[in-house]
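First the structure, in the form of structure tokens, and then the observations on it.
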Amino acid sequence: MFYHYTLKGVVVNWDDIAEINWLPIGTRDVAIEKLRLEFALPNQPASTLKAWVHGRSVGHVLVNKKQANITVNSKKIGPDDTVEVHTYFDTSQTPLNTNKQSGNRAAYIQKQEKAIALKNKKSLQIKKVIGFIVSPIVIMILVFIIMLKTIQRRKLLQSARQQSGVTGDIVHIFDIPNDIGPALVSERIAKSVTNAKLIIATLLDLIARRKIAMTYDDIQKQDDITYSVLDETNLQPFELVFINMIFGKYRRAVVHAEFKQPESGVSNRIKKDISSFTKALKEAEKQASIIDHVLTNKIKSQQFFLTLALIISTIISTFLLGIFAYSTQAWSMWYVIFTEIIVVILVLIFSIKPAIFYKVPDGFQEKWQWDGFAKMLHDIAHLENKTVLDVQLWDKLLAYAIIFGEAKNVAKQMKVWSQKVDTDDSIIFVPIMLYGDDWSESLIYNIENDGAFHVDNNVNGDGGGFSAGSSGGAGGGSDGAF
């Protein structure tokens with residue numbers, strides 16, 4: 001597309017020169033690719049010809065006295081960019097111009113443009129100092145502090161492990177390190193577990209301890225299994241809360257199918273009392289904690305605020321440098337932005353893992369034993385059955401396997417064992433034989449997706465849509481002369 005302008009009434013003839021201050025390219029809706037602006041005077045050559053072109057995206061400017069023209073080239077002019085031409089030349093080019101003003105204008109124009117150039121230069125220098133020096137230094141200082149604190153944290157953790165004598169490789173542990181219940185163990189070693197898994201693990205543990213009875217005689221499908229309270233003596237406070245949550249005040253028996261029903265009595269009680277159960281768990285953990293909460297919380301807090309400071313600084317830096325790169329056309333700033341982001345991501349990957357400090361030496365030793373127990377559960381299919389069965393874990397094995405995310409793996413192996421050993425003393429083996437090795441996993445799924453924690457996402461709404469027409473927004477550009 002070509003525009004040809006014949007300028008009228010925009011020239012001012014002064015005593016010494018003729019002046020034009022023109023905005024040929026104003027803001028518009030779209031960018032202009034490969035701009036070439038030619039400004040031609042009527043008479044060649046020009047005895048006097050000076051020109052200044054202002055704009056973010058201006059590329060090459062050529063002033064040719066011999067041909068009496070000015071040429072402006074730019075690869076791209078953005079939608080918000082403008083191009084302003086300020087020029088003066090000898091008055092012999094416009095002798096018939098009636099728009100005359102007295103005074104010598106050339107010196108004033110040169111002084112004005114020099115001030116503009118100086119201001120732009122200072123602004124550019126400030127932006128470059130911020131972009132290439134200040135911003136990277138701030139990011140690097142935070143990166144250095146985070147790296148230093150991470151190394152110190154790891155050294156402190158390693159020292160505590162050495163003092164506790166648990167620096168060796170994790171080995172298989174076949175005995176339950178501390179039979180206080182799988183739900184409490186998850187709190188004790190800070191193992192992240194869903195509420196549904198806490199419920200089923202506690203249920204199976206109490207069944208294995210003969211506190212809850214599970215009746216499945218002459219039952220053809222697992223939905224008909226019945227759970228009832230058998231004995232409440234010597235239960236911990238959180239276990240009593242659990243009993244009340246599942247069986248209610250009057251300890252009514254619960255049928256397996258009720259865990260699938262969102263509005264069943266047991267599902268409603270779980271919704272109502274799950275927070276009390278988890279709170280009781282936390283209270284029980286505090287009474288005999290193996291975690292050094294003071295040190296752990298101090299380090300977590302320090303880690304959180306340093307990470308937050310780094311992320312916020314990176315966002316601010318990216319935003320500012322992006323603006324500077326766009327306004328100054330200093331595209332090398334984009335490399336600074338890219339480098340900062342990559343460095344920050346790598347540092348966060350290196351340092352993001354939270355450190356939990358256990359009490360020395362008992363806490364670290366018990367955690368090491370639980371890690372070994374979890375390793376045994378994970379590798380159980382490859383271990384000698386006799387080695388595992390000799391420690392008489394039986395039904396408790398599956399309850400703890402749920403906490404460590406190995407329920408399906410362990411249940412599958414228990415199904416194999418049930419065909420080889422005497423299972424008269426085992427309550428859980430028979431349901432696995434009858435209903436499959438995913439029996440406990442399906443019960444967890446029922447609570448999470450069908451029962452107590454089920455959320456109805458079928459929400460109807462009447463939102464807006466797209467339509468033809470206009471909302472009255474302005475269109476077109478504002479190119480023109482003044």
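So you can find residues: chains in the structure tokens are A, B, ... in the order shown, residues in each start at 1, and ligands are numbered from 1 in order.
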task: List every residue of range 50-269 of chain A that DSSP, applied to the backbone of this structure, assigns to helix (DSSP H, G or I), and report them as a PyMOL selection string.
output: chain A and resi 91-93+106-164+182-188+195-208+222-224+237-247+256-260+265-269
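Near Gly78 in chain A, within 6 Å and counting only C-alpha atoms, sit A:Ala31, A:Asp80, A:Asp81; same-chain residues fewer than 2 positions away were not included.
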field: Counting only C-alpha atoms, the residue of A:Ile130, A:Ile299, A:Val83, A:Val193 that sits nearest Leu156 in chain A
entry: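 Smallest distance to Leu156 in chain A is found for A:Ile299.
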message: List as a list of chain:residue names the protein and nucleic acid residues near Ile116 in chain A, meaning an atom at most 12 Å away when only C-alpha atoms are counted, but skip any in the same chain fewer than 5 places from it.
response: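 In the requested form, the answer reads A:Trp52, A:Val53, A:His54, A:Ile109, A:Gln110, A:Lys111, A:Lys121, A:Lys122, A:Ser123.
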Those same residues, written as a PDB file, in the first residue's frame with N, CA, C and O atoms?
```
ATOM      1  N   TRP A  52      14.908  15.451  12.037  1.00  0.00           N
ATOM      2  CA  TRP A  52      14.890  14.558  13.198  1.00  0.00           C
ATOM      3  C   TRP A  52      13.619  13.706  13.118  1.00  0.00           C
ATOM      4  O   TRP A  52      12.530  14.231  12.830  1.00  0.00           O
ATOM      5  N   VAL A  53      13.754  12.434  13.333  1.00  0.00           N
ATOM      6  CA  VAL A  53      12.601  11.530  13.271  1.00  0.00           C
ATOM      7  C   VAL A  53      12.457  10.860  14.635  1.00  0.00           C
ATOM      8  O   VAL A  53      13.410  10.271  15.157  1.00  0.00           O
ATOM      9  N   HIS A  54      11.265  10.965  15.214  1.00  0.00           N
ATOM     10  CA  HIS A  54      11.016  10.407  16.546  1.00  0.00           C
ATOM     11  C   HIS A  54      10.048   9.221  16.449  1.00  0.00           C
ATOM     12  O   HIS A  54       9.060   9.273  15.707  1.00  0.00           O
ATOM     13  N   ILE A 109      15.337  25.239  17.270  1.00  0.00           N
ATOM     14  CA  ILE A 109      15.005  23.852  16.928  1.00  0.00           C
ATOM     15  C   ILE A 109      16.154  22.920  17.307  1.00  0.00           C
ATOM     16  O   ILE A 109      15.947  21.843  17.879  1.00  0.00           O
ATOM     17  N   GLN A 110      17.377  23.345  16.994  1.00  0.00           N
ATOM     18  CA  GLN A 110      18.529  22.513  17.314  1.00  0.00           C
ATOM     19  C   GLN A 110      18.658  22.310  18.829  1.00  0.00           C
ATOM     20  O   GLN A 110      18.969  21.212  19.299  1.00  0.00           O
ATOM     21  N   LYS A 111      18.424  23.385  19.588  1.00  0.00           N
ATOM     22  CA  LYS A 111      18.484  23.289  21.042  1.00  0.00           C
ATOM     23  C   LYS A 111      17.389  22.356  21.563  1.00  0.00           C
ATOM     24  O   LYS A 111      17.614  21.531  22.463  1.00  0.00           O
ATOM     25  N   LYS A 121      18.558   9.805  25.676  1.00  0.00           N
ATOM     26  CA  LYS A 121      19.791   9.093  25.948  1.00  0.00           C
ATOM     27  C   LYS A 121      19.891   8.713  27.422  1.00  0.00           C
ATOM     28  O   LYS A 121      20.259   7.593  27.770  1.00  0.00           O
ATOM     29  N   LYS A 122      19.535   9.681  28.299  1.00  0.00           N
ATOM     30  CA  LYS A 122      19.566   9.406  29.738  1.00  0.00           C
ATOM     31  C   LYS A 122      18.561   8.325  30.108  1.00  0.00           C
ATOM     32  O   LYS A 122      18.852   7.436  30.919  1.00  0.00           O
ATOM     33  N   SER A 123      17.370   8.432  29.520  1.00  0.00           N
ATOM     34  CA  SER A 123      16.340   7.423  29.792  1.00  0.00           C
ATOM     35  C   SER A 123      16.806   6.050  29.341  1.00  0.00           C
ATOM     36  O   SER A 123      16.624   5.048  30.047  1.00  0.00           O
TER      37      SER A 123
END
```
query: Can you list, as a ChimeraX atom specification, every protein, DNA or RNA residue that comes within 12 Å of Lys298 in chain A when you count only C-alpha atoms, leaving out same-chain residues fewer than 5 positions away?
result: /A:153,292-293,303-305,354-357
field: Option closest in space to Lys375 in chain A, from A:Ile126, A:Ile173, A:Val12, A:Ile270 [counting only C-alpha atoms]
entry: A:Ile173
- line: Shortest contact to Ile402 in chain A, candidates A:Leu96, A:Ala284, A:Ile200, A:Val10, atoms counted only C-alpha atoms, goes to A:Ile200
